[in-house]
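Student: Provided below: structure05.cif, containing mmCIF, C-alpha atoms.
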data_query
#
loop_
_atom_site.label_atom_id
_atom_site.label_comp_id
_atom_site.auth_asym_id
_atom_site.auth_seq_id
_atom_site.Cartn_x
_atom_site.Cartn_y
_atom_site.Cartn_z
CA MET B 1 64.50 38.40 -56.87
CA ALA B 2 66.11 40.34 -54.03
CA LEU B 3 66.97 43.10 -56.50
CA ALA B 4 63.38 43.21 -57.74
CA ASP B 5 62.12 43.19 -54.15
CA ALA B 6 64.40 46.14 -53.41
CA GLY B 7 62.72 48.03 -56.24
CA ILE B 8 65.82 48.29 -58.38
CA PRO B 9 64.83 48.90 -62.01
CA MET B 10 65.71 45.94 -64.20
CA VAL B 11 65.26 44.99 -67.83
CA ASP B 12 63.69 41.70 -66.86
CA LEU B 13 63.80 38.96 -64.25
CA LEU B 14 66.42 36.29 -64.82
CA PRO B 15 65.32 32.68 -64.32
CA ALA B 16 68.07 30.06 -64.51
CA VAL B 17 68.13 26.29 -64.49
CA ALA B 18 70.50 23.41 -65.12
CA VAL B 19 69.73 20.63 -67.56
CA GLY B 20 71.79 17.48 -67.70
CA LYS B 21 72.13 14.02 -69.08
CA VAL B 22 71.82 11.24 -66.56
CA ALA B 23 71.96 7.57 -67.55
CA GLY B 24 71.44 8.56 -71.18
CA LYS B 25 68.35 10.68 -70.48
CA ILE B 26 67.97 14.46 -70.64
CA ALA B 27 66.75 15.78 -67.31
CA LEU B 28 65.82 19.12 -65.81
CA ASP B 29 67.12 20.46 -62.48
CA LEU B 30 69.80 17.97 -61.46
CA LYS B 31 70.37 17.14 -57.85
CA LYS B 32 73.85 16.71 -56.42
CA GLU B 33 74.29 13.00 -57.11
CA GLU B 34 72.98 13.39 -60.65
CA ASP B 35 75.32 16.29 -61.27
CA ASN B 36 78.34 14.40 -59.93
CA PHE B 37 77.73 11.16 -61.79
CA GLY B 38 75.79 12.36 -64.83
CA GLU B 39 77.16 12.44 -68.36
CA ALA B 40 76.58 16.12 -69.00
CA ASP B 41 75.67 19.34 -67.25
CA LEU B 42 74.26 22.43 -68.93
CA PRO B 43 73.40 25.46 -66.79
CA MET B 44 71.56 28.31 -68.47
CA ALA B 45 69.85 31.62 -67.71
CA LEU B 46 67.14 33.15 -69.86
CA VAL B 47 65.99 36.74 -70.36
CA PRO B 48 62.35 35.76 -70.92
CA GLN B 49 61.19 38.89 -72.75
CA SER B 50 63.94 38.70 -75.37
CA GLY B 51 63.91 34.89 -75.44
CA ARG B 52 67.71 34.89 -75.37
CA LEU B 53 70.13 32.98 -73.18
CA VAL B 54 72.62 35.15 -71.29
CA LEU B 55 74.30 32.30 -69.49
CA LEU B 56 75.15 29.04 -71.18
CA GLN B 57 77.80 26.54 -70.25
CA MET B 58 78.12 22.87 -70.92
CA GLU B 59 80.42 20.07 -69.92
CA GLY B 60 80.19 16.37 -70.64
CA HIS B 61 78.99 14.72 -73.80
CA MET B 62 75.78 15.00 -75.75
CA THR B 63 74.81 14.42 -79.35
CA GLU B 64 73.48 17.32 -81.39
CA GLU B 65 69.98 15.90 -81.01
CA GLU B 66 70.28 15.58 -77.21
CA LEU B 67 71.65 19.09 -76.93
CA SER B 68 68.76 20.49 -78.91
CA GLN B 69 66.35 18.64 -76.65
CA ALA B 70 68.21 19.88 -73.55
CA LEU B 71 68.00 23.49 -74.72
CA ASP B 72 64.25 23.26 -75.29
CA LEU B 73 63.74 21.63 -71.91
CA GLY B 74 65.87 24.26 -70.17
CA VAL B 75 64.04 27.17 -71.78
CA GLN B 76 60.75 25.60 -70.78
CA GLY B 77 62.08 25.24 -67.21
CA CYS B 78 63.20 28.88 -67.14
CA ARG B 79 59.75 29.98 -68.31
CA GLU B 80 58.11 27.98 -65.52
CA ILE B 81 60.40 29.61 -62.95
CA TYR B 82 59.71 33.01 -64.52
CA GLU B 83 55.98 32.60 -63.89
CA LYS B 84 56.67 31.63 -60.27
CA MET B 85 58.95 34.65 -59.84
CA LYS B 86 56.32 37.04 -61.18
CA GLN B 87 53.63 35.43 -59.06
CA ALA B 88 55.75 35.75 -55.91
CA LEU B 89 56.38 39.44 -56.57
CA ARG B 90 52.71 40.09 -57.27
CA GLU B 91 51.68 38.41 -54.05
CA ARG B 92 54.28 40.32 -52.09
CA TYR B 93 53.04 43.67 -53.38
CA ALA B 94 49.34 42.87 -53.64
CA ILE B 95 47.28 45.58 -51.99
CA GLY B 96 45.28 44.11 -49.16
CA PRO B 97 41.67 45.02 -48.32
CA VAL B 98 41.17 48.66 -47.32
CA GLY B 99 41.95 49.13 -43.65
CA GLY B 100 43.82 45.84 -43.48
CA SER B 101 47.51 45.61 -42.74
CA ALA B 102 49.93 45.59 -45.70
CA MET D 1 91.75 60.35 -82.24
CA SER D 2 91.51 58.60 -78.92
CA GLU D 3 91.46 54.82 -78.76
CA GLU D 4 87.91 54.73 -77.35
CA VAL D 5 86.46 56.94 -80.08
CA SER D 6 88.11 55.02 -82.90
CA ALA D 7 87.02 51.72 -81.34
CA GLU D 8 83.44 52.96 -81.23
CA ILE D 9 83.51 54.04 -84.87
CA LEU D 10 84.98 50.68 -85.84
CA THR D 11 82.29 48.86 -83.86
CA THR D 12 79.54 50.76 -85.67
CA HIS D 13 81.17 49.97 -88.99
CA ILE D 14 81.51 46.26 -88.14
CA LEU D 15 77.84 46.09 -87.12
CA ASP D 16 76.73 47.91 -90.29
CA LEU D 17 78.71 45.46 -92.43
CA ALA D 18 77.36 42.49 -90.45
CA ALA D 19 73.79 43.57 -91.23
CA GLU D 20 74.62 42.83 -94.88
CA GLY D 21 76.41 39.59 -93.96
CA LYS D 22 79.81 41.15 -94.65
CA ARG D 23 83.02 41.41 -92.63
CA LEU D 24 85.90 43.86 -92.53
CA ASP D 25 88.41 41.37 -93.91
CA GLY D 26 86.09 40.19 -96.70
CA ARG D 27 85.28 36.81 -95.17
CA GLY D 28 81.80 35.30 -95.18
CA PRO D 29 79.97 34.77 -91.83
CA ASP D 30 80.92 31.08 -91.77
CA GLU D 31 84.51 31.37 -92.92
CA TYR D 32 87.62 30.87 -90.78
CA ARG D 33 90.85 32.72 -91.33
CA ARG D 34 93.78 30.58 -92.48
CA VAL D 35 94.61 27.91 -89.90
CA SER D 36 98.13 26.52 -89.67
CA ILE D 37 99.68 24.07 -87.22
CA GLU D 38 103.35 23.34 -86.68
CA PRO D 39 103.76 20.36 -84.33
CA GLY D 40 107.06 19.88 -82.51
CA PHE D 41 107.84 23.60 -82.55
CA VAL D 42 109.84 23.52 -79.32
CA ALA D 43 112.47 20.77 -79.25
CA THR D 44 112.99 20.91 -75.47
CA ALA D 45 109.31 20.30 -74.60
CA ASP D 46 107.82 16.80 -74.35
CA GLY D 47 105.24 17.96 -76.86
CA SER D 48 104.49 21.25 -78.56
CA ALA D 49 102.65 22.94 -81.39
CA LEU D 50 102.52 26.46 -82.77
CA VAL D 51 99.04 27.25 -84.02
CA ARG D 52 97.98 30.27 -86.02
CA ILE D 53 94.49 31.32 -86.94
CA GLY D 54 94.95 34.41 -89.10
CA ASP D 55 97.30 36.68 -87.15
CA THR D 56 96.51 35.04 -83.80
CA ALA D 57 99.30 32.77 -82.60
CA VAL D 58 99.38 30.43 -79.62
CA LEU D 59 102.22 28.13 -78.64
CA GLY D 60 101.18 25.01 -76.77
CA GLY D 61 103.76 23.16 -74.73
CA ILE D 62 103.48 19.88 -72.83
CA LYS D 63 105.65 18.92 -69.89
CA LEU D 64 105.37 15.56 -68.14
CA GLU D 65 106.79 14.98 -64.70
CA PRO D 66 106.35 12.21 -62.15
CA GLY D 67 104.21 13.35 -59.21
CA LYS D 68 101.49 12.22 -56.86
CA PRO D 69 97.87 11.50 -57.88
CA PHE D 70 95.10 13.45 -56.15
CA PRO D 71 93.72 11.57 -53.11
CA ASP D 72 90.23 11.37 -54.65
CA THR D 73 91.53 9.94 -57.95
CA PRO D 74 94.35 7.59 -56.85
CA ASN D 75 94.29 5.70 -60.17
CA ALA D 76 94.65 8.68 -62.46
CA GLY D 77 97.36 11.03 -63.58
CA VAL D 78 97.04 14.78 -63.17
CA LEU D 79 96.29 17.24 -65.95
CA THR D 80 96.68 20.99 -65.50
CA THR D 81 96.10 23.63 -68.12
CA ASN D 82 97.52 27.10 -67.87
CA ALA D 83 97.30 30.02 -70.26
CA GLU D 84 99.51 33.04 -70.30
CA LEU D 85 98.72 36.22 -72.18
CA ILE D 86 102.12 37.86 -72.46
CA PRO D 87 102.04 41.67 -72.65
CA LEU D 88 103.72 41.82 -76.07
CA SER D 89 100.86 39.87 -77.69
CA SER D 90 98.33 42.69 -77.35
CA PRO D 91 98.24 46.35 -76.27
CA THR D 92 95.46 45.39 -73.83
CA PHE D 93 97.53 42.86 -71.86
CA GLU D 94 99.51 44.03 -68.88
CA PRO D 95 102.14 42.21 -66.83
CA GLY D 96 101.13 40.94 -63.42
CA PRO D 97 98.78 38.33 -62.02
CA PRO D 98 96.60 36.34 -64.47
CA GLN D 99 93.95 38.48 -66.16
CA PRO D 100 90.35 37.24 -66.33
CA GLY D 101 90.87 36.65 -70.08
CA ALA D 102 93.77 34.26 -69.44
CA ILE D 103 91.79 32.40 -66.79
CA GLU D 104 88.85 32.01 -69.19
CA VAL D 105 91.06 30.66 -72.00
CA SER D 106 92.68 28.08 -69.73
CA ARG D 107 89.37 27.03 -68.15
CA VAL D 108 87.49 26.65 -71.42
CA VAL D 109 90.35 24.70 -73.03
CA ASP D 110 90.76 22.56 -69.92
CA ARG D 111 87.04 21.78 -69.85
CA ALA D 112 87.03 20.56 -73.47
CA ILE D 113 90.15 18.42 -73.00
CA ARG D 114 88.73 16.87 -69.84
CA ALA D 115 85.14 16.35 -70.99
CA ALA D 116 86.25 14.79 -74.27
CA GLU D 117 88.63 12.48 -72.36
CA THR D 118 91.34 13.52 -74.79
CA ILE D 119 93.91 11.48 -72.91
CA ASP D 120 93.12 8.50 -70.74
CA LEU D 121 94.32 9.77 -67.36
CA THR D 122 94.31 6.28 -65.83
CA ARG D 123 97.14 5.40 -68.21
CA LEU D 124 99.22 8.19 -66.65
CA CYS D 125 99.08 6.40 -63.29
CA VAL D 126 102.32 4.61 -62.35
CA THR D 127 101.61 3.31 -58.83
CA PRO D 128 98.01 3.85 -57.58
CA GLY D 129 97.83 6.43 -54.79
CA GLU D 130 101.57 7.07 -54.91
CA LYS D 131 103.02 7.92 -58.25
CA SER D 132 101.56 9.23 -61.45
CA TRP D 133 102.48 11.50 -64.31
CA VAL D 134 101.57 15.15 -64.01
CA CYS D 135 100.83 16.60 -67.43
CA TYR D 136 101.22 20.35 -67.78
CA VAL D 137 99.54 21.96 -70.75
CA ASP D 138 101.03 25.45 -71.09
CA LEU D 139 99.48 27.84 -73.56
CA HIS D 140 101.42 30.95 -74.52
CA VAL D 141 99.53 33.57 -76.47
CA LEU D 142 102.14 35.10 -78.77
CA ASP D 143 99.82 37.30 -80.80
CA HIS D 144 96.23 38.19 -79.99
CA SER D 145 94.23 39.03 -83.06
CA GLY D 146 90.95 37.53 -81.87
CA ASN D 147 89.59 34.05 -81.18
CA LEU D 148 92.14 32.99 -78.57
CA ILE D 149 90.04 30.07 -77.38
CA ASP D 150 89.97 28.15 -80.68
CA THR D 151 93.65 28.81 -81.31
CA ALA D 152 94.67 27.78 -77.78
CA ALA D 153 92.53 24.62 -77.87
CA LEU D 154 94.05 23.55 -81.20
CA ALA D 155 97.50 24.23 -79.77
CA ALA D 156 96.74 22.11 -76.70
CA VAL D 157 95.30 19.13 -78.58
CA SER D 158 97.90 19.22 -81.31
CA ALA D 159 100.73 19.43 -78.76
CA LEU D 160 99.24 16.49 -76.83
CA ALA D 161 98.99 14.49 -80.06
CA HIS D 162 102.72 15.01 -80.59
CA THR D 163 103.92 14.29 -77.06
CA THR D 164 106.45 11.73 -75.91
CA VAL D 165 106.22 10.43 -72.35
CA PRO D 166 109.78 10.79 -70.96
CA ALA D 167 109.69 7.50 -69.07
CA LYS D 168 113.36 6.69 -69.54
CA ARG D 169 114.59 10.13 -68.49
CA PHE D 170 112.69 9.92 -65.19
CA GLU D 171 113.51 6.23 -64.77
CA VAL D 172 109.85 5.27 -64.70
CA GLY D 173 110.17 2.84 -67.57
CA GLU D 174 112.57 1.27 -70.04
CA ALA D 175 111.91 3.59 -72.93
CA ASP D 176 110.11 6.80 -73.83
CA TYR D 177 106.80 6.25 -75.62
CA PRO D 178 104.27 8.42 -77.45
CA LEU D 179 101.36 9.76 -75.39
CA GLU D 180 98.13 8.26 -76.66
CA VAL D 181 95.44 10.75 -77.61
CA VAL D 182 92.05 9.02 -77.45
CA HIS D 183 89.71 11.82 -78.56
CA TYR D 184 90.20 15.02 -80.48
CA PRO D 185 88.09 17.90 -79.17
CA VAL D 186 88.04 21.06 -81.27
CA GLU D 187 86.58 24.36 -80.10
CA CYS D 188 84.70 26.60 -82.44
CA THR D 189 83.88 30.18 -81.43
CA PHE D 190 81.16 32.46 -82.78
CA VAL D 191 80.10 36.02 -82.04
CA ARG D 192 76.75 37.65 -82.57
CA LEU D 193 76.91 40.91 -84.48
CA GLY D 194 73.33 42.16 -84.75
CA ASP D 195 71.32 39.34 -86.32
CA THR D 196 74.32 37.67 -87.92
CA ILE D 197 76.46 35.05 -86.21
CA MET D 198 80.07 35.06 -87.38
CA VAL D 199 82.58 32.28 -86.85
CA ASP D 200 86.22 32.93 -85.84
CA PRO D 201 85.95 36.57 -84.67
CA THR D 202 88.84 38.98 -85.03
CA PHE D 203 89.96 41.19 -82.13
CA ASP D 204 87.78 44.07 -83.38
CA GLU D 205 84.78 41.81 -83.96
CA GLU D 206 85.06 40.49 -80.40
CA ARG D 207 85.01 44.06 -79.15
CA ALA D 208 81.89 44.79 -81.22
CA ALA D 209 80.20 41.48 -80.31
CA GLN D 210 76.83 41.14 -78.64
CA GLY D 211 77.77 37.80 -77.17
CA ARG D 212 80.30 35.09 -77.83
CA LEU D 213 79.64 31.36 -77.88
CA THR D 214 82.21 28.57 -77.98
CA VAL D 215 81.23 24.98 -78.78
CA ALA D 216 83.65 22.06 -78.49
CA THR D 217 82.95 18.92 -80.50
CA ASP D 218 84.84 15.65 -80.86
CA GLU D 219 85.30 13.05 -83.60
CA MET D 220 82.51 10.90 -82.12
CA ARG D 221 80.11 13.68 -83.12
CA ARG D 222 79.51 14.69 -79.53
CA VAL D 223 79.30 18.18 -78.10
CA VAL D 224 81.70 18.04 -75.15
CA ALA D 225 81.75 21.63 -73.88
CA MET D 226 80.16 25.01 -74.37
CA GLN D 227 80.86 28.44 -73.00
CA LYS D 228 78.99 31.68 -73.53
CA GLY D 229 81.23 34.68 -73.00
CA LEU D 230 81.25 38.47 -73.16
CA VAL D 231 78.15 40.60 -72.59
CA GLY D 232 75.26 39.55 -74.79
CA ALA D 233 72.92 36.68 -75.46
CA PHE D 234 71.85 34.02 -77.96
CA SER D 235 68.42 32.60 -78.74
CA PRO D 236 68.05 28.82 -78.42
CA ASP D 237 67.74 28.63 -82.22
CA ASP D 238 71.00 30.56 -82.58
CA VAL D 239 72.66 28.01 -80.30
CA LYS D 240 71.38 25.07 -82.36
CA ASP D 241 72.62 26.72 -85.55
CA VAL D 242 76.02 27.37 -83.97
CA VAL D 243 76.33 23.72 -82.87
CA ARG D 244 75.65 22.51 -86.42
CA ARG D 245 78.30 24.85 -87.77
CA ALA D 246 80.78 23.86 -85.03
CA PHE D 247 80.67 20.21 -86.12
CA ARG D 248 81.51 21.14 -89.70
CA HIS D 249 84.50 23.32 -88.82
CA GLY D 250 85.61 20.93 -86.08
CA ASP D 251 86.01 18.02 -88.49
CA ARG D 252 88.36 20.05 -90.69
CA HIS D 253 90.48 21.31 -87.82
CA ARG D 254 90.72 17.88 -86.22
CA ALA D 255 92.57 16.58 -89.27
CA LEU D 256 95.04 19.45 -88.90
CA ALA D 257 95.49 18.86 -85.16
CA LYS D 258 96.43 15.24 -85.84
CA GLY D 259 98.79 15.74 -88.72
CA GLY D 260 99.79 19.40 -88.68
CA GLY D 261 99.81 21.56 -91.80
CA SER D 262 97.54 24.33 -92.93
CA GLU D 263 94.34 24.96 -94.84
#
Can I see the file as structure tokens?

Tutor:
Amino acid sequence: MALADAGIPMVDLLPAVAVGKVAGKIALDLKKEEDNFGEADLPMALVPQSGRLVLLQMEGHMTEEELSQALDLGVQGCREIYEKMKQALRERYAIGPVGGSA
Amino acid sequence: MSEEVSAEILTTHILDLAAEGKRLDGRGPDEYRRVSIEPGFVATADGSALVRIGDTAVLGGIKLEPGKPFPDTPNAGVLTTNAELIPLSSPTFEPGPPQPGAIEVSRVVDRAIRAAETIDLTRLCVTPGEKSWVCYVDLHVLDHSGNLIDTAALAAVSALAHTTVPAKRFEVGEADYPLEVVHYPVECTFVRLGDTIMVDPTFDEERAAQGRLTVATDEMRRVVAMQKGLVGAFSPDDVKDVVRRAFRHGDRHRALAKGGGSE
């Protein structure tokens, strides 16, 4: 976001999120306790326009089914963050009413 | 011809072949090179295995020594994994402090061994808070011909499966006994070359790759670790496909890690 704010040309914004497995359930955006005591942790970063993951790590244990679910949830989370990122940039650079301060 | 120019030509060729689902060495996209495991390769180690995948060779060695448990895990032994890429194994390796590649190999292997709970660390504890076994997993890359991670992980697990705890020698117990391996994690690495995802990349394929993904599975049909490496990316559907394939290859390699031999 700071790079975008500085006007540095980029291919895309890069939302990232961690998905995990806590008490047998797949959950988005773990907090510290969940991360420390959960069964699995899966951080990821998405390039939204290509739909591809550039960062993907995982540690813990998950079944194939749970992993698939975790990936879908993470991508969905990244897309939500992506919208927020775009919105924040638009608001920052919105042109105010004529004569008003920037 | 300079090394960079020939590498670029080779990369183009590899990508052109991949578009037709073909590879330089004639393998299919989902085919491993020959895998062979020789447990007990080094007689002086507490456990060892020499693993080859194609021309890539990694020697795994296990050393057990009495030491002190970490303060935050007083009831558990200590496990440390270290990988060394010796200069003679590849023209790209230089002597000196650990290269990022060596650090990645040791971290990814360590993560799989730990997450799969390959060995029960609490059983390596002798006296809680005071004395426990320290288990060193040393990985020596003897020849780098691509896919170091899978080769090193097989070497580590196979060496652990053939380790004797030297209890008598260190006067910790009456007799030496075999180290119990509880789970068998196996790593499986893929690279994306255009729209095709190839398993077990060679050195040249890794250089041409648009992303590398390693998936570690265990015999309980769990995914225990993943690592995306190199520059490049994978779609979520690619990842799901890779996980499916990793289970299939993992099951075959697990049998080898336990008993040794080749396929």

Student: When you get a sec, could you note down which chain B residues fall within 9 Å of chain D, using all atoms listed in the file, as JSON, numbers by chain?

Tutor: {"B": [40, 42, 46, 47, 50, 51, 52, 53, 54, 55, 56, 57, 58, 59, 60, 61, 62, 63, 64, 67, 68, 71, 72, 75]}

Student: Report the residues retrieved by the PyMOL selection byres ((chain D and resi 26-30) around 12) from the displayed file, expressed as a PyMOL selection string.

Tutor: chain D and resi 14+17-25+31-34+54+188-193+195-202+205+241-242+244-246+248-249

Student: Starting from the PyMOL selection byres ((chain B and resi 83-86) around 12), expand the selection into actual residues of this file and give them as a PyMOL selection string.

Tutor: chain B and resi 1-2+4-5+12-16+48+76-82+87-94

Student: The PyMOL selection byres ((chain D and resi 122) around 9) - which residues does that actually catch in the file I just gave you? List them as a list in words.

Tutor: Asn75, Ala76, Gly77, Ile119, Asp120, Leu121, Arg123, Leu124, Cys125, Val126 and Ser132 of chain D

Student: Put the listed atoms of segment 15-33 of chain B in a box along x, y and z with 8 Å added on every side and give me the centre and edge lengths in Å to one decimal, as JSON.

Tutor:
{"center_x": 69.8, "center_y": 20.1, "center_z": -63.8, "size_x": 25.0, "size_y": 41.1, "size_z": 30.8}

Student: What is the distance, in Å and to one decimal place, between atom CA of Asp46 of chain D and atom CA of Pro98 of chain D?

Tutor: 24.6 Å

Student: Could you tell me how far atom CA of Gly60 of chain D lies from atom CA of Arg169 of chain D, in Å and to one decimal?

Tutor: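 One can read the atom CA of Gly60 of chain D to atom CA of Arg169 of chain D distance as 21.7 Å.
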
Student: Using only C-alpha atoms, determine which residues lie at most 10 Å from Lys25 of chain B, disregarding the query and same-chain residues fewer than 2 positions distant; provide the list as a PDB file with C-alpha atoms, keeping the file's coordinate frame.

Tutor:
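Okay, around_10.pdb is ready:
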ATOM      1  CA  GLY B  20      71.790  17.480 -67.700  1.00  0.00           C
ATOM      2  CA  LYS B  21      72.130  14.020 -69.080  1.00  0.00           C
ATOM      3  CA  VAL B  22      71.820  11.240 -66.560  1.00  0.00           C
ATOM      4  CA  ALA B  23      71.960   7.570 -67.550  1.00  0.00           C
ATOM      5  CA  ALA B  27      66.750  15.780 -67.310  1.00  0.00           C
ATOM      6  CA  LEU B  28      65.820  19.120 -65.810  1.00  0.00           C
ATOM      7  CA  GLY B  38      75.790  12.360 -64.830  1.00  0.00           C
ATOM      8  CA  GLU B  39      77.160  12.440 -68.360  1.00  0.00           C
ATOM      9  CA  ALA B  40      76.580  16.120 -69.000  1.00  0.00           C
ATOM     10  CA  GLU B  66      70.280  15.580 -77.210  1.00  0.00           C
ATOM     11  CA  ALA B  70      68.210  19.880 -73.550  1.00  0.00           C
TER      12      ALA B  70
END

Student: Which one is closest to Phe203 of chain D: D:Ser2, D:Ser158, D:Ser145, D:Thr151? Count all atoms listed in the file.

Tutor: D:Ser145

Student: Would you compute the distance between atom CA of Asp41 of chain B and atom CA of Val19 of chain B? Give it in Å to one decimal.

Tutor: 6.1 Å

Student: Name the residues in contact with Arg107 of chain D at a cut-off of 10 Å, using only C-alpha atoms, excluding same-chain residues fewer than 6 positions from it; report them as a compact mmCIF listing (two decimals) with C-alpha atoms, keeping the file's coordinate frame.

Tutor:
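Written output follows (part.txt):
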# COMPACT_ATOMS: atom_id res chain seq x y z
CA THR D 80 96.68 20.99 -65.50
CA THR D 81 96.10 23.63 -68.12
CA ASN D 82 97.52 27.10 -67.87
CA ALA D 83 97.30 30.02 -70.26
CA GLY D 101 90.87 36.65 -70.08
CA ILE D 113 90.15 18.42 -73.00
CA ILE D 149 90.04 30.07 -77.38
CA GLN D 227 80.86 28.44 -73.00

Student: From (87.1, 50.9, -85.1), in the file's coordinates, out to 12 Å: which residues are reached, counting only C-alpha atoms? Answer as a PyMOL selection string.

Tutor: chain D and resi 1-16+24+203-208

Student: Show me the residues around (102.5, 9.0, -63.0) - criterion: an atom at most 12 Å away, only C-alpha atoms counted - as a ChimeraX atom specification.

Tutor: /D:64-70,74-79,121-135,165-167,170-173

Student: I need the residue nearest Pro178 of chain D from this list: D:Pro97, D:Gly47, D:Gly260, D:Ala209. Use only C-alpha atoms for the distance.

Tutor: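 Residue with the minimum atom-to-atom distance to Pro178 of chain D: D:Gly47.
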
Student: Which of these residues is nearest to Lys31 of chain B, using all atoms listed in the file: B:Met44, B:Val11, B:Val17, B:Ile95?

Tutor: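 Ranked by minimum distance to Lys31 of chain B, first place goes to B:Val17.
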
Student: For each of D:Ala159, D:Leu85, D:Val186, D:Ile62, take the minimum atom-to-atom distance to Arg254 of chain D, counting all atoms listed in the file, then give the residue where this is smallest.

Tutor: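 Looking at the shortest contact to Arg254 of chain D, the residue is D:Val186.
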
Student: Output as a compact mmCIF listing (two decimals), keeping the file's coordinate frame: segment 71-77 of chain B, completed with all heavy atoms.

Tutor:
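This went into result10.txt:
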# COMPACT_ATOMS: atom_id res chain seq x y z
N LEU B 71 68.24 22.05 -74.64
CA LEU B 71 68.00 23.49 -74.72
C LEU B 71 66.51 23.80 -74.59
O LEU B 71 66.11 24.69 -73.84
CB LEU B 71 68.50 24.03 -76.07
CG LEU B 71 69.99 24.32 -76.18
CD1 LEU B 71 70.37 24.54 -77.64
CD2 LEU B 71 70.39 25.54 -75.35
N ASP B 72 65.69 23.04 -75.34
CA ASP B 72 64.25 23.26 -75.29
C ASP B 72 63.71 23.02 -73.89
O ASP B 72 62.90 23.80 -73.38
CB ASP B 72 63.54 22.34 -76.30
CG ASP B 72 63.87 22.71 -77.73
OD1 ASP B 72 64.33 23.86 -77.96
OD2 ASP B 72 63.70 21.87 -78.63
N LEU B 73 64.20 21.95 -73.26
CA LEU B 73 63.74 21.63 -71.91
C LEU B 73 64.15 22.72 -70.92
O LEU B 73 63.37 23.13 -70.06
CB LEU B 73 64.34 20.28 -71.50
CG LEU B 73 63.79 19.66 -70.22
CD1 LEU B 73 62.31 19.35 -70.38
CD2 LEU B 73 64.55 18.38 -69.88
N GLY B 74 65.37 23.21 -71.06
CA GLY B 74 65.87 24.26 -70.17
C GLY B 74 65.09 25.55 -70.31
O GLY B 74 64.74 26.19 -69.31
N VAL B 75 64.80 25.93 -71.55
CA VAL B 75 64.04 27.17 -71.78
C VAL B 75 62.65 27.03 -71.17
O VAL B 75 62.15 27.94 -70.51
CB VAL B 75 63.96 27.48 -73.30
CG1 VAL B 75 62.96 28.58 -73.59
CG2 VAL B 75 65.34 27.87 -73.82
N GLN B 76 62.07 25.86 -71.35
CA GLN B 76 60.75 25.60 -70.78
C GLN B 76 60.82 25.71 -69.25
O GLN B 76 59.96 26.32 -68.62
CB GLN B 76 60.34 24.19 -71.20
CG GLN B 76 58.92 23.80 -70.91
CD GLN B 76 58.76 22.28 -71.06
OE1 GLN B 76 59.37 21.67 -71.98
NE2 GLN B 76 58.00 21.68 -70.18
N GLY B 77 61.87 25.16 -68.65
CA GLY B 77 62.08 25.24 -67.21
C GLY B 77 62.21 26.68 -66.74
O GLY B 77 61.63 27.08 -65.73
